[in-house]
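Note sheet for the following structure.
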Amino acid sequence: MTAFIEDHRESYIQTIRLNRADKKNALTPEMYLAIAQALHSAQSDKKVRVTVLTGSGDSFTAGNDIGDFVSTSNAPKGEKSLTQGPAPFPTFLGALMAADKPVIAAINGLAIGVGVTMLMHCDMVYAADTARFGMPFVNLGAVPEAGSSVLIPNMLGRMRAMELFLLGDQFNAQKAQELGFVNAVFPAAQLMQEVMAIAARIAAKPPSAIRETKRLVREHGALLEKAIREEGRTFDAQLRTPESKEAMKAFSERRPADFSRFE
Ligand code: COA
């Protein structure tokens, strides 16, 4: 277990906290694996009936660690994959999708990239009024992941999904609620208290009825699995393009990227 992930279990509630605040809780391979392990071990822990996933500092998570994108983009094709087989990201996503107990996300601040797409696999989402959301995949020369190319258009309709994907702009908690990413918005100082009260209500209910309800509602079609595979293949290929290398170089140099020379 990396120090960047806390797993606290009390009163039938597991709280998984991303704890890398100085890097906006950007997710490293070790963090993905630690979250997967925490979710996995909760499944057989009778003392866990519901999981709360949250961040620390001013962020939920700024998404995948860009350093990890850079090392993938520089690795020869076939040598390193972010998205296929037993790599940390699919291990994390698989654990989240397989969780048979409810997962509630408490969005305490910035939620970028996978910080948004993972919400499509959580059961309920609550946000601080200071939270901000964004899916800047194309800005990095990459593409949507975690099944979001299917799940987000299904949720929002194609045009609203495309606006978020193609512009990659940030949006606030109120807009996130209007769009359906978020159940409710609370003042930042009250977020955790409100979410823990909701989690406690779920934890007090008949556990098998809760699990069976989740099993019935879960969206696990062959189409979703296929989309995740295709997204992953495309994501890996895109990271190796000169466009993506320019985007990541620009991020590290803190300047706007210049895509004018690409076709
Ligand atoms: N991966 C690695 N490091 C990241 C990161 C990421 N995804 N997001 C932020 N950080 C780091 C920054 O490099 C910086 O590190 P430093 O202090 O050592 O320089 C630190 O976190 C603080 O980030 P900073 O950019 O100074 O904060 P900000 O408030 O000005 O902006 C963000 C916050 C999230 C808008 C901005 O950091 C950002 O755009 N990050 C990239 C998000 C992204 O594209 N994620 C992938 C999505 S597919």
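Chain lettering (A, B, ...) mirrors the order of the structure tokens, residue numbering begins at 1 for each chain separately, and ligand numbering begins at 1 in order of display.
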
For the contact check between range 117-142 of chain A and range 234-238 of chain A, emit one row per residue of range 117-142 of chain A within 12 Å, containing the shortest atom pair and the distance in Å rounded to one decimal, counting only C-alpha atoms, chain then rising number order, as a Markdown table.
| residue | atom | partner | partner_atom | distance |
| --- | --- | --- | --- | --- |
| A:Phe137 | CA | A:Phe235 | CA | 9.3 |
| A:Val138 | CA | A:Gln238 | CA | 9.6 |
| A:Asn139 | CA | A:Gln238 | CA | 11.6 |
| A:Leu140 | CA | A:Gln238 | CA | 9.1 |
| A:Gly141 | CA | A:Gln238 | CA | 6.2 |
| A:Ala142 | CA | A:Gln238 | CA | 5.4 |

What would the file look like if the residues just selected were written as a short mmCIF file (atom, residue, chain, number, x, y, z; two decimals), in the first residue's frame with C-alpha atoms?
data_model
loop_
_atom_site.label_atom_id
_atom_site.label_comp_id
_atom_site.auth_asym_id
_atom_site.auth_seq_id
_atom_site.Cartn_x
_atom_site.Cartn_y
_atom_site.Cartn_z
CA PHE A 137 -8.04 14.20 -23.08
CA VAL A 138 -7.73 15.73 -26.56
CA ASN A 139 -5.63 18.60 -25.16
CA LEU A 140 -3.03 15.92 -24.34
CA GLY A 141 -3.35 14.28 -27.76
CA ALA A 142 -5.26 11.44 -26.07
#

Self-check item: Near-ligand residues for ligand 1, threshold 10 Å, only C-alpha atoms and all ligand atoms, as a PyMOL selection string
Solution: chain A and resi 20-28+58-70+109-117+132-145+168+170+247-248+251-254

Practice problem: Would you list the contacts of Met162 in chain A as a PyMOL selection string, taking every protein, DNA or RNA residue within 10 Å and counting only C-alpha atoms, but skipping same-chain residues closer than 4 positions in sequence? | Solution: chain A and resi 149+152-153+156-158+166-168

Exercise. Run DSSP on the backbone of this structure and report the residues of range 52-87 of chain A it assigns to strand (DSSP E or B), as an MDAnalysis selection string.
Key: chainID A and resid 52:54 59:61 64

Dump of C-alpha atoms for the selected residues, as an mmCIF file, in the first residue's frame:
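What follows is the written file again39.cif:
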data_model
loop_
_atom_site.group_PDB
_atom_site.id
_atom_site.type_symbol
_atom_site.label_atom_id
_atom_site.label_comp_id
_atom_site.auth_asym_id
_atom_site.auth_seq_id
_atom_site.Cartn_x
_atom_site.Cartn_y
_atom_site.Cartn_z
ATOM 1 C CA VAL A 52 -16.466 6.483 0.124
ATOM 2 C CA LEU A 53 -13.817 7.625 -2.339
ATOM 3 C CA THR A 54 -12.414 11.126 -1.884
ATOM 4 C CA SER A 59 -8.334 18.186 -5.332
ATOM 5 C CA PHE A 60 -10.160 14.944 -5.865
ATOM 6 C CA THR A 61 -7.640 14.051 -8.542
ATOM 7 C CA ASN A 64 -3.479 10.200 -14.501
#

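The list of residues with at least one atom within 6 Å of range 32-42 of chain A, based on only C-alpha atoms and without residues fewer than 2 positions apart in the same chain, reads Met1, Pro29, Glu30, Ser44, Asp45, Val48, Pro88, Phe89, Phe92 and Ala95 of chain A.
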
Quiz item: Please, what distance in Å, to one decimal, runs between CA of Thr241 in chain A and CA of Ser73 in chain A?
Solution: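 Between CA of Thr241 in chain A and CA of Ser73 in chain A the gap is 7.7 Å.
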
With only C-alpha atoms counted and 10 Å as the cut-off, give the residues of range 189-260 of chain A in contact with range 103-106 of chain A, each with its shortest interatomic distance in Å and the pair that gives it, as JSON lines.
{"residue": "A:Leu191", "atom": "CA", "partner": "A:Ala106", "partner_atom": "CA", "distance": 7.2}
{"residue": "A:Met192", "atom": "CA", "partner": "A:Ala106", "partner_atom": "CA", "distance": 7.1}
{"residue": "A:Glu194", "atom": "CA", "partner": "A:Ala106", "partner_atom": "CA", "distance": 9.5}
{"residue": "A:Val195", "atom": "CA", "partner": "A:Ala106", "partner_atom": "CA", "distance": 6.8}
{"residue": "A:Met196", "atom": "CA", "partner": "A:Ala106", "partner_atom": "CA", "distance": 9.4}
{"residue": "A:Ile198", "atom": "CA", "partner": "A:Ile104", "partner_atom": "CA", "distance": 9.1}
{"residue": "A:Ala199", "atom": "CA", "partner": "A:Ile104", "partner_atom": "CA", "distance": 7.6}
{"residue": "A:Lys214", "atom": "CA", "partner": "A:Val103", "partner_atom": "CA", "distance": 9.9}

Exercise. Excluding Asp123 in chain A and residues on its chain fewer than 3 positions from it, collect all residues at most 12 Å away from it, counting only C-alpha atoms, and give them as a PyMOL selection string.
Key: chain A and resi 50-53+96-97+99-106+118-120+126+181-183+199+202+210-211+213-215+217-219

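Of the residues listed (A:Met31, A:Ala98, A:Leu151, A:Ala203), A:Ala203 shows the shortest atom-to-atom separation from Ile13 in chain A; distances use only C-alpha atoms.
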
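Of the residues listed (A:Gly147, A:Ala3, A:Asn19, A:Glu10), A:Gly147 shows the shortest atom-to-atom separation from His220 in chain A; distances use only C-alpha atoms.
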
Exercise. Quote the spacing between CA of Ala128 in chain A and CA of Ala173 in chain A in Å to one decimal place.
Key: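 Pair CA of Ala128 in chain A / CA of Ala173 in chain A returns 7.1 Å.
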
Quiz item: Any idea what's packed within 9 Å of Ala188 in chain A, counting only C-alpha atoms, ignoring anything in its chain fewer than 6 positions away? Could you give it as a list in words?
Solution: Asn108, Gly109, Ala127, Ala128, Asp129, Thr130 and Ala131 of chain A

Output C-alpha atoms for every residue in that selection, as an mmCIF file, in the first residue's frame.
data_model
loop_
_atom_site.group_PDB
_atom_site.id
_atom_site.type_symbol
_atom_site.label_atom_id
_atom_site.label_comp_id
_atom_site.auth_asym_id
_atom_site.auth_seq_id
_atom_site.Cartn_x
_atom_site.Cartn_y
_atom_site.Cartn_z
ATOM 1 C CA ASN A 108 -13.741 17.766 -2.675
ATOM 2 C CA GLY A 109 -12.083 19.845 -5.426
ATOM 3 C CA ALA A 127 -19.456 17.476 -4.788
ATOM 4 C CA ALA A 128 -18.217 20.483 -2.866
ATOM 5 C CA ASP A 129 -19.466 23.780 -4.267
ATOM 6 C CA THR A 130 -15.798 24.553 -5.022
ATOM 7 C CA ALA A 131 -15.307 21.415 -7.158
#

Quiz item: Hey, can you check how far CA of Ser208 in chain A sits from CA of Leu223 in chain A?
Solution: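 Separating CA of Ser208 in chain A from CA of Leu223 in chain A is a distance of 27.7 Å.
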
Self-check item: Nearest to Ser71 in chain A, chosen from A:Ala209, A:Leu239, A:Glu178, A:Phe262, with only C-alpha atoms counted in the distances
Solution: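 Comparing A:Ala209, A:Leu239, A:Glu178, A:Phe262 against Ser71 in chain A, the winner is A:Leu239.
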